[in-house]
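Step one of this worksheet: look at the structure below.
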Amino acid sequence: MPRKKKPQYKKEDLIKMIVDWAIEGVPQAKIRKDILNFGYQISYFYKLYTEAKPLIRETLIEVSKDRLEETIVEMEKQYYEALEEGDRRLANDIRKEINKISGHHQQKVDITSKGDKINNIEVIRIIEVKNNEDD
């Protein structure tokens with residue numbers, strides 16, 4: 001029997017609780033334990049969690065967009081402060097980070113090393129030897 005006969009919460013309320021907890025960063029194990037403590041079966045929890053997943057994903061995308069915008073605004077302030085102080089190197093570094101976050105700068109990956117950093121570079125010299133007989 002997945003549900004209680006006289007449930008304390010409606011299905012929609014439980015899904016909203018699961019979404020809210022997940023957004024707050026509560027681990028799934030803790031959410032499961034809390035739902036089970038309400039008297040629901042584990043199979044019902046998984047059914048609820050499956051229905052809540054798309055809502056969690058949607059909400060997290062919106063939250064991350066807001067956080068990203070806040071981060072960019074804060075970094076812009078730091079950029080202008082560095083310029084006012086005359087620290088062009090710091091200002092340039094901050095601008096690079098802003099561009100990375102905004103997606104305007106893409107990290108170049110060396111395909112010859114499978115993306116790994118190249119630490120050892122070998123130089124091969126080719127020496128042309130001329131025979132005196134050819135003169």
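In the structure tokens, the first chain shown is A, the next is B, and so on; residue numbers restart at 1 for each chain, and ligands run from 1 in the order shown.
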
Taking only region 11-113 of chain A into account, list the residues labelled helix (DSSP H, G or I) by DSSP (computed from the backbone), as a ChimeraX atom specification. /A:11-24,28-37,42-85,88-102,111-113

Using only C-alpha atoms, which residues sit within 12 Å of Lys96 (chain A) once same-chain residues fewer than 3 positions away are excluded, as a short mmCIF file (atom, residue, chain, number, x, y, z; two decimals) with C-alpha atoms, in the first residue's frame?
data_model
loop_
_atom_site.label_atom_id
_atom_site.label_comp_id
_atom_site.auth_asym_id
_atom_site.auth_seq_id
_atom_site.Cartn_x
_atom_site.Cartn_y
_atom_site.Cartn_z
CA ILE A 72 28.66 38.89 -13.21
CA MET A 75 32.66 40.96 -10.95
CA GLU A 76 31.86 44.05 -13.04
CA TYR A 79 36.63 45.22 -12.64
CA ARG A 89 46.55 43.30 -14.88
CA LEU A 90 43.88 42.52 -12.26
CA ALA A 91 41.24 44.26 -14.36
CA ASN A 92 42.25 42.17 -17.36
CA ASP A 93 42.08 38.95 -15.32
CA ASN A 99 33.99 36.42 -20.44
CA LYS A 100 34.45 32.79 -19.39
CA ILE A 101 31.32 32.90 -17.23
CA SER A 102 29.36 34.66 -19.97
CA GLY A 103 30.45 32.10 -22.53
CA HIS A 104 32.35 34.58 -24.70
CA HIS A 105 35.70 32.92 -24.06
CA GLN A 106 36.25 29.27 -24.73
CA GLN A 107 39.15 27.36 -23.30
#

Close residues, Phe38 (chain A) itself excluded, 9 Å, only C-alpha atoms, min 2 positions apart in chain, as a VMD selection string: chain A and resid 7 to 9 33 to 36 40

Could you write out that same residue set with C-alpha atoms as a compact mmCIF listing (two decimals), in the first residue's frame?
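Output (part.txt):
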# COMPACT_ATOMS: atom_id res chain seq x y z
CA PRO A 7 -2.93 11.31 4.26
CA GLN A 8 -1.59 14.26 6.20
CA TYR A 9 -0.43 15.95 2.98
CA LYS A 33 13.72 9.60 5.42
CA ASP A 34 11.43 12.58 6.08
CA ILE A 35 8.78 11.32 3.66
CA LEU A 36 8.95 7.86 5.21
CA TYR A 40 4.42 6.85 3.38

10 Å contact set for region 11-13 of chain A, only C-alpha atoms, chain neighbours under 6 positions out, as a compact mmCIF listing (two decimals) with C-alpha atoms, in the first residue's frame:
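And here's result.txt as it stands now:
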# COMPACT_ATOMS: atom_id res chain seq x y z
CA ARG A 3 -0.19 5.79 0.57
CA VAL A 19 11.31 20.30 -4.71
CA TYR A 44 5.38 6.07 -3.06
CA LEU A 48 6.79 11.33 -5.93
CA GLU A 51 7.41 13.41 -10.63
CA ALA A 52 9.39 16.08 -8.77

Between CA of Gln28 (chain A) and CA of Glu69 (chain A), measure the distance and give it in Å to one decimal.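 Interatomic distance here is 27.9 Å.
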
Check the smallest atom-to-atom distance from each of A:Ser64, A:Asn131, A:Asn37, A:Gln78 to Ile94 (chain A) using only C-alpha atoms, then report the winner.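 Counting only C-alpha atoms, the residue closest to Ile94 (chain A) is A:Gln78.
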
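Using only C-alpha atoms, the nearest neighbour of Trp21 (chain A) within the list A:Thr59, A:Asn120, A:Thr71, A:Asn132 is A:Thr59.
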
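You can rank A:Lys30, A:Ile42, A:Pro54, A:Val73 by their closest distance to Lys16 (chain A) using only C-alpha atoms, and at the top of that list sits A:Pro54.
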
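Distance check against Leu55 (chain A) using only C-alpha atoms: of A:Ile18, A:Glu70, A:Gln41, A:Gly25, the minimum falls on A:Ile18.
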
Calculated over only C-alpha atoms, which of the candidates A:Lys130, A:Tyr80, A:Leu14, A:Asp20 has the smallest distance to Ile56 (chain A)?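 The answer is A:Asp20, which sits nearest to Ile56 (chain A).
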
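The spacing separating CA of Tyr46 (chain A) from CA of Lys10 (chain A) amounts to 15.6 Å.
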
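Our summary of the geometry notes that CA of Glu74 (chain A) is positioned 20.0 Å from CA of Ile61 (chain A).
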